[in-house]
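Student: Input start_36.pdb, format and content: PDB, C-alpha atoms and all ligand atoms.
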MODEL        1
ATOM      1  CA  MET A   1     217.825  16.716  86.610
ATOM      2  CA  VAL A   2     221.322  16.130  85.239
ATOM      3  CA  ALA A   3     222.773  16.398  88.744
ATOM      4  CA  ALA A   4     220.099  14.017  90.087
ATOM      5  CA  CYS A   5     221.271  11.319  87.646
ATOM      6  CA  GLY A   6     224.223  10.760  89.954
ATOM      7  CA  VAL A   7     226.606   9.813  87.115
ATOM      8  CA  PHE A   8     227.781  13.251  86.026
ATOM      9  CA  ASN A   9     230.484  15.112  87.923
ATOM     10  CA  ALA A  10     230.265  18.816  88.779
ATOM     11  CA  ASP A  11     232.146  19.868  85.634
ATOM     12  CA  GLU A  12     229.779  17.855  83.436
ATOM     13  CA  VAL A  13     226.725  19.342  85.158
ATOM     14  CA  ALA A  14     228.214  22.801  84.523
ATOM     15  CA  ILE A  15     228.686  21.936  80.839
ATOM     16  CA  ALA A  16     225.065  20.765  80.611
ATOM     17  CA  ARG A  17     223.982  24.131  82.031
ATOM     18  CA  GLU A  18     226.315  25.999  79.672
ATOM     19  CA  LEU A  19     224.645  24.384  76.649
ATOM     20  CA  VAL A  20     221.239  25.527  77.909
ATOM     21  CA  ASP A  21     222.542  29.052  78.599
ATOM     22  CA  GLU A  22     224.131  29.303  75.136
ATOM     23  CA  HIS A  23     220.920  28.114  73.500
ATOM     24  CA  LEU A  24     218.810  30.595  75.469
ATOM     25  CA  ALA A  25     221.197  33.465  74.742
ATOM     26  CA  LYS A  26     221.772  32.866  71.009
ATOM     27  CA  GLY A  27     219.138  30.411  69.775
ATOM     28  CA  ALA A  28     219.691  26.964  68.266
ATOM     29  CA  SER A  29     221.360  27.927  64.984
ATOM     30  CA  ALA A  30     223.859  30.450  66.319
ATOM     31  CA  SER A  31     224.748  28.442  69.428
ATOM     32  CA  GLY A  32     224.826  25.071  67.634
ATOM     33  CA  TYR A  33     222.967  23.541  70.567
ATOM     34  CA  HIS A  34     219.531  22.152  69.790
ATOM     35  CA  PHE A  35     217.203  20.702  72.427
ATOM     36  CA  LEU A  36     214.236  18.364  72.544
ATOM     37  CA  ILE A  37     212.494  18.319  75.879
ATOM     38  CA  ALA A  38     209.969  15.835  77.247
ATOM     39  CA  ASP A  39     207.554  17.274  79.768
ATOM     40  CA  GLY A  40     206.400  15.028  82.579
ATOM     41  CA  PRO A  41     203.692  15.362  85.209
ATOM     42  CA  ALA A  42     205.972  17.252  87.602
ATOM     43  CA  GLY A  43     208.457  18.992  85.356
ATOM     44  CA  ILE A  44     210.925  17.851  82.739
ATOM     45  CA  ASP A  45     211.260  14.071  82.415
ATOM     46  CA  GLY A  46     214.065  14.041  79.877
ATOM     47  CA  TYR A  47     215.840  15.802  77.064
ATOM     48  CA  THR A  48     218.328  15.555  74.259
ATOM     49  CA  ALA A  49     220.916  18.181  73.363
ATOM     50  CA  TYR A  50     222.410  17.828  69.915
ATOM     51  CA  GLY A  51     224.051  19.855  67.208
ATOM     52  CA  PRO A  52     225.971  19.842  63.937
ATOM     53  CA  VAL A  53     229.634  18.867  64.172
ATOM     54  CA  PRO A  54     231.561  22.040  63.327
ATOM     55  CA  GLY A  55     233.531  21.692  60.088
ATOM     56  CA  ALA A  56     231.980  18.348  59.131
ATOM     57  CA  VAL A  57     229.444  17.812  56.344
ATOM     58  CA  ASN A  58     225.973  16.911  57.658
ATOM     59  CA  ARG A  59     227.400  15.050  60.665
ATOM     60  CA  TRP A  60     225.626  15.675  63.959
ATOM     61  CA  GLU A  61     226.444  14.849  67.547
ATOM     62  CA  LEU A  62     224.092  13.800  70.294
ATOM     63  CA  TYR A  63     225.673  15.705  73.164
ATOM     64  CA  TRP A  64     223.349  14.573  75.922
ATOM     65  CA  ILE A  65     220.427  12.258  76.385
ATOM     66  CA  VAL A  66     219.112  12.209  79.908
ATOM     67  CA  VAL A  67     215.981  10.758  81.445
ATOM     68  CA  SER A  68     215.058  11.492  85.008
ATOM     69  CA  PRO A  69     215.539   8.393  87.223
ATOM     70  CA  SER A  70     211.794   8.210  87.995
ATOM     71  CA  ALA A  71     210.875   8.043  84.279
ATOM     72  CA  ARG A  72     213.357   5.422  83.127
ATOM     73  CA  ARG A  73     212.753   2.149  81.293
ATOM     74  CA  SER A  74     209.456   3.339  79.893
ATOM     75  CA  GLY A  75     210.792   4.062  76.411
ATOM     76  CA  LEU A  76     211.199   7.809  76.867
ATOM     77  CA  ALA A  77     214.835   7.926  75.735
ATOM     78  CA  LYS A  78     213.875   5.809  72.737
ATOM     79  CA  ARG A  79     211.165   8.321  71.791
ATOM     80  CA  LEU A  80     213.450  11.294  72.394
ATOM     81  CA  ASN A  81     216.198   9.711  70.318
ATOM     82  CA  ARG A  82     213.803   8.938  67.469
ATOM     83  CA  ALA A  83     212.444  12.491  67.442
ATOM     84  CA  THR A  84     215.990  13.853  67.533
ATOM     85  CA  GLU A  85     217.043  11.695  64.583
ATOM     86  CA  ASP A  86     213.928  12.765  62.663
ATOM     87  CA  ALA A  87     214.766  16.433  63.306
ATOM     88  CA  VAL A  88     218.375  15.941  62.182
ATOM     89  CA  ARG A  89     217.351  13.983  59.086
ATOM     90  CA  ALA A  90     214.844  16.718  58.210
ATOM     91  CA  VAL A  91     217.688  19.235  57.878
ATOM     92  CA  GLY A  92     219.929  16.914  55.866
ATOM     93  CA  GLY A  93     221.913  15.190  58.615
ATOM     94  CA  VAL A  94     223.288  11.803  57.555
ATOM     95  CA  MET A  95     225.207  10.598  60.583
ATOM     96  CA  MET A  96     225.014  10.908  64.353
ATOM     97  CA  VAL A  97     227.786  10.308  66.831
ATOM     98  CA  ALA A  98     227.437  10.026  70.583
ATOM     99  CA  GLU A  99     230.268   9.870  73.068
ATOM    100  CA  THR A 100     230.146   8.447  76.534
ATOM    101  CA  SER A 101     232.350   6.935  79.202
ATOM    102  CA  THR A 102     233.508   3.337  79.557
ATOM    103  CA  LEU A 103     232.888   3.426  83.335
ATOM    104  CA  PRO A 104     230.340   0.993  84.819
ATOM    105  CA  ALA A 105     228.110   3.960  85.775
ATOM    106  CA  TYR A 106     227.508   4.560  82.063
ATOM    107  CA  ALA A 107     226.518   0.989  81.249
ATOM    108  CA  SER A 108     222.879   2.070  80.798
ATOM    109  CA  ALA A 109     223.943   4.710  78.257
ATOM    110  CA  ARG A 110     226.062   2.225  76.290
ATOM    111  CA  ALA A 111     223.280  -0.375  76.343
ATOM    112  CA  PHE A 112     220.836   2.287  75.232
ATOM    113  CA  TYR A 113     222.929   3.357  72.222
ATOM    114  CA  LEU A 114     223.395  -0.243  71.096
ATOM    115  CA  SER A 115     219.653  -0.852  71.469
ATOM    116  CA  GLN A 116     218.990   2.083  69.134
ATOM    117  CA  ALA A 117     221.209   0.686  66.355
ATOM    118  CA  TYR A 118     224.260   2.770  67.157
ATOM    119  CA  ARG A 119     227.520   0.906  66.643
ATOM    120  CA  LEU A 120     230.516   1.184  68.925
ATOM    121  CA  LEU A 121     233.009   2.828  66.539
ATOM    122  CA  ALA A 122     235.971   3.288  68.852
ATOM    123  CA  GLU A 123     237.166   3.233  72.411
ATOM    124  CA  VAL A 124     239.992   5.388  73.688
ATOM    125  CA  PRO A 125     241.348   4.059  76.969
ATOM    126  CA  ASP A 126     242.071   6.527  79.797
ATOM    127  CA  TRP A 127     240.646   9.446  77.784
ATOM    128  CA  HIS A 128     238.687  11.182  80.563
ATOM    129  CA  ASP A 129     240.935   9.970  83.365
ATOM    130  CA  ASP A 130     242.992   6.920  84.283
ATOM    131  CA  GLY A 131     240.584   3.990  84.003
ATOM    132  CA  ASP A 132     237.865   6.165  82.450
ATOM    133  CA  GLY A 133     237.891   5.722  78.692
ATOM    134  CA  LEU A 134     235.945   7.293  75.861
ATOM    135  CA  ALA A 135     233.383   5.208  73.965
ATOM    136  CA  ILE A 136     232.347   6.642  70.589
ATOM    137  CA  PHE A 137     229.094   5.407  69.108
ATOM    138  CA  GLY A 138     227.818   6.246  65.654
ATOM    139  CA  LYS A 139     224.845   5.699  63.441
ATOM    140  CA  ARG A 140     223.976   6.369  59.794
ATOM    141  CA  LEU A 141     220.601   8.063  59.599
TER     142      LEU A 141
HETATM  143  C1  LIG A 201     220.553   6.071  79.110
HETATM  144  C2  LIG A 201     219.164   6.641  79.474
HETATM  145  C3  LIG A 201     218.982   7.980  78.765
HETATM  146  C4  LIG A 201     218.087   5.653  79.004
HETATM  147  O1  LIG A 201     216.807   6.225  79.282
HETATM  148  P1  LIG A 201     215.447   5.344  79.364
HETATM  149  O2  LIG A 201     214.301   6.267  79.100
HETATM  150  O3  LIG A 201     215.432   4.586  80.625
HETATM  151  O4  LIG A 201     215.637   4.338  78.137
HETATM  152  P2  LIG A 201     214.444   3.558  77.371
HETATM  153  O5  LIG A 201     213.387   3.173  78.338
HETATM  154  O6  LIG A 201     214.029   4.335  76.177
HETATM  155  O7  LIG A 201     215.236   2.252  76.919
HETATM  156  C5  LIG A 201     215.351   1.839  75.571
HETATM  157  C6  LIG A 201     216.270   0.642  75.524
HETATM  158  O8  LIG A 201     217.596   0.989  75.951
HETATM  159  C7  LIG A 201     218.192  -0.111  76.674
HETATM  160  N1  LIG A 201     218.426   0.287  78.079
HETATM  161  C8  LIG A 201     218.043   1.448  78.678
HETATM  162  N2  LIG A 201     218.455   1.482  79.969
HETATM  163  C9  LIG A 201     219.118   0.310  80.189
HETATM  164  C10 LIG A 201     219.782  -0.245  81.318
HETATM  165  N3  LIG A 201     219.830   0.405  82.498
HETATM  166  N4  LIG A 201     220.364  -1.460  81.194
HETATM  167  C11 LIG A 201     220.303  -2.140  80.017
HETATM  168  N5  LIG A 201     219.672  -1.661  78.901
HETATM  169  C12 LIG A 201     219.104  -0.446  78.981
HETATM  170  C13 LIG A 201     217.163  -1.249  76.616
HETATM  171  O9  LIG A 201     217.441  -2.016  75.462
HETATM  172  C14 LIG A 201     215.868  -0.475  76.472
HETATM  173  O10 LIG A 201     214.837  -1.244  75.876
HETATM  174  P3  LIG A 201     213.887  -2.178  76.831
HETATM  175  O11 LIG A 201     213.454  -1.343  77.998
HETATM  176  O12 LIG A 201     212.786  -2.564  75.902
HETATM  177  O13 LIG A 201     214.769  -3.317  77.260
HETATM  178  C15 LIG A 201     219.017   6.803  81.020
HETATM  179  O14 LIG A 201     219.384   5.600  81.666
HETATM  180  C16 LIG A 201     219.857   7.930  81.603
HETATM  181  O15 LIG A 201     219.420   9.080  81.638
HETATM  182  N6  LIG A 201     221.073   7.605  82.102
HETATM  183  C17 LIG A 201     221.925   8.578  82.752
HETATM  184  C18 LIG A 201     222.398   9.635  81.797
HETATM  185  C19 LIG A 201     223.350   9.104  80.756
HETATM  186  O16 LIG A 201     224.229   8.294  81.027
HETATM  187  N7  LIG A 201     223.167   9.631  79.505
HETATM  188  C20 LIG A 201     223.996   9.256  78.366
HETATM  189  C21 LIG A 201     225.285   9.989  78.313
HETATM  190  S1  LIG A 201     225.039  11.691  77.849
ENDMDL
END
Represent the structure of the file as structure tokens.

Tutor:
Amino acid sequence: MVAACGVFNADEVAIARELVDEHLAKGASASGYHFLIADGPAGIDGYTAYGPVPGAVNRWELYWIVVSPSARRSGLAKRLNRATEDAVRAVGGVMMVAETSTLPAYASARAFYLSQAYRLLAEVPDWHDDGDGLAIFGKRL
């Protein structure tokens, strides 16, 4: 599903898989990778991967939020994000950060974060590659 999005490169798809493998091997607490998965009629329609920021106090990071292209713009990411925030709040989390790219291909992700009351906290030009900056979004829970 991550590969089918068409925005993630091969390394990023491998990282997405690594998070799943770590979670399956060690569980959520030991791996630090938590998942919320939305089932659809023909498989998984979307998921979030999130976890506590190591060394920080009750700060969590939304590592991935992905919705399959066929299930988009129906509010699924909104529901997944809400459920993720509820789960984080329930264990004492007070702040979420989410990082993405400044490339045009990630415009939907940036628009989505802003629509869910995340604020753009910082941009780091050329962080991923020349012309491909880092956009850091954050939200108090
Ligand atoms: C970003 C993403 C998760 C949004 O999923 P979605 O289920 O389509 O989002 P929702 O339907 O819940 O949208 C909620 C709001 O986000 C905003 N939004 C979502 N997609 C948008 C787009 N393509 N353009 C503009 N705004 C958008 C809108 O405000 C939308 O509300 P509306 O439909 O009432 O206007 C999805 O586009 C995706 O998987 N993108 C590729 C993966 C990615 O870039 N993930 C983030 C980096 S890890």

Student: Around all of ligand LIG 201 (chain A)'s listed atoms, make the axis-aligned box with 6 Å on each side and tell me centre and edge lengths in Å to one decimal, as lines of an AutoDock Vina configuration file.

Tutor:
center_x = 219.0
center_y = 4.2
center_z = 79.1
size_x = 24.5
size_y = 27.0
size_z = 19.3

Student: Figure out the distance between CA of Val94 (chain A) and CA of Trp60 (chain A), please, to one decimal in Å.

Tutor: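 For CA of Trp60 (chain A) relative to CA of Val94 (chain A), the distance reads 7.8 Å.
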
Student: Write out as a compact mmCIF listing (two decimals) with C-alpha atoms, keeping the file's coordinate frame each polymer residue (protein, DNA or RNA) that has an atom no more than 10 Å from ligand LIG 201 (chain A), with only C-alpha atoms and all ligand atoms counted.

Tutor:
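Output below, filename part13.txt:
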# COMPACT_ATOMS: atom_id res chain seq x y z
CA MET A 1 217.82 16.72 86.61
CA VAL A 2 221.32 16.13 85.24
CA ALA A 3 222.77 16.40 88.74
CA ALA A 4 220.10 14.02 90.09
CA CYS A 5 221.27 11.32 87.65
CA GLY A 6 224.22 10.76 89.95
CA VAL A 7 226.61 9.81 87.12
CA PHE A 8 227.78 13.25 86.03
CA GLU A 12 229.78 17.86 83.44
CA ALA A 16 225.06 20.76 80.61
CA ASP A 45 211.26 14.07 82.42
CA GLY A 46 214.06 14.04 79.88
CA TYR A 47 215.84 15.80 77.06
CA THR A 48 218.33 15.56 74.26
CA ALA A 49 220.92 18.18 73.36
CA LEU A 62 224.09 13.80 70.29
CA TYR A 63 225.67 15.70 73.16
CA TRP A 64 223.35 14.57 75.92
CA ILE A 65 220.43 12.26 76.39
CA VAL A 66 219.11 12.21 79.91
CA VAL A 67 215.98 10.76 81.44
CA SER A 68 215.06 11.49 85.01
CA PRO A 69 215.54 8.39 87.22
CA SER A 70 211.79 8.21 88.00
CA ALA A 71 210.88 8.04 84.28
CA ARG A 72 213.36 5.42 83.13
CA ARG A 73 212.75 2.15 81.29
CA SER A 74 209.46 3.34 79.89
CA GLY A 75 210.79 4.06 76.41
CA LEU A 76 211.20 7.81 76.87
CA ALA A 77 214.84 7.93 75.74
CA LYS A 78 213.88 5.81 72.74
CA ARG A 79 211.16 8.32 71.79
CA LEU A 80 213.45 11.29 72.39
CA ASN A 81 216.20 9.71 70.32
CA ARG A 82 213.80 8.94 67.47
CA ALA A 98 227.44 10.03 70.58
CA GLU A 99 230.27 9.87 73.07
CA THR A 100 230.15 8.45 76.53
CA SER A 101 232.35 6.94 79.20
CA ALA A 105 228.11 3.96 85.78
CA TYR A 106 227.51 4.56 82.06
CA ALA A 107 226.52 0.99 81.25
CA SER A 108 222.88 2.07 80.80
CA ALA A 109 223.94 4.71 78.26
CA ARG A 110 226.06 2.22 76.29
CA ALA A 111 223.28 -0.38 76.34
CA PHE A 112 220.84 2.29 75.23
CA TYR A 113 222.93 3.36 72.22
CA LEU A 114 223.40 -0.24 71.10
CA SER A 115 219.65 -0.85 71.47
CA GLN A 116 218.99 2.08 69.13

Student: Just the residues within 9 Å of Val20 (chain A), please, counting only C-alpha atoms, with nothing from its chain fewer than 6 positions along; format it as a ChimeraX atom specification.

Tutor: /A:33-35,49

Student: Please evaluate the PyMOL selection byres (((chain A and resi 56) around 12) and not hetatm) against the structure above and give the resulting residues as a compact mmCIF listing (two decimals) with C-alpha atoms, keeping the file's coordinate frame.

Tutor:
# COMPACT_ATOMS: atom_id res chain seq x y z
CA GLY A 51 224.05 19.86 67.21
CA PRO A 52 225.97 19.84 63.94
CA VAL A 53 229.63 18.87 64.17
CA PRO A 54 231.56 22.04 63.33
CA GLY A 55 233.53 21.69 60.09
CA VAL A 57 229.44 17.81 56.34
CA ASN A 58 225.97 16.91 57.66
CA ARG A 59 227.40 15.05 60.66
CA TRP A 60 225.63 15.68 63.96
CA GLU A 61 226.44 14.85 67.55
CA GLY A 93 221.91 15.19 58.62
CA VAL A 94 223.29 11.80 57.56
CA MET A 95 225.21 10.60 60.58
CA MET A 96 225.01 10.91 64.35
CA VAL A 97 227.79 10.31 66.83

Student: CA of Gly138 (chain A) to CA of Glu22 (chain A): how many Å, to one decimal?

Tutor: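 Pair CA of Gly138 (chain A) / CA of Glu22 (chain A) returns 25.2 Å.
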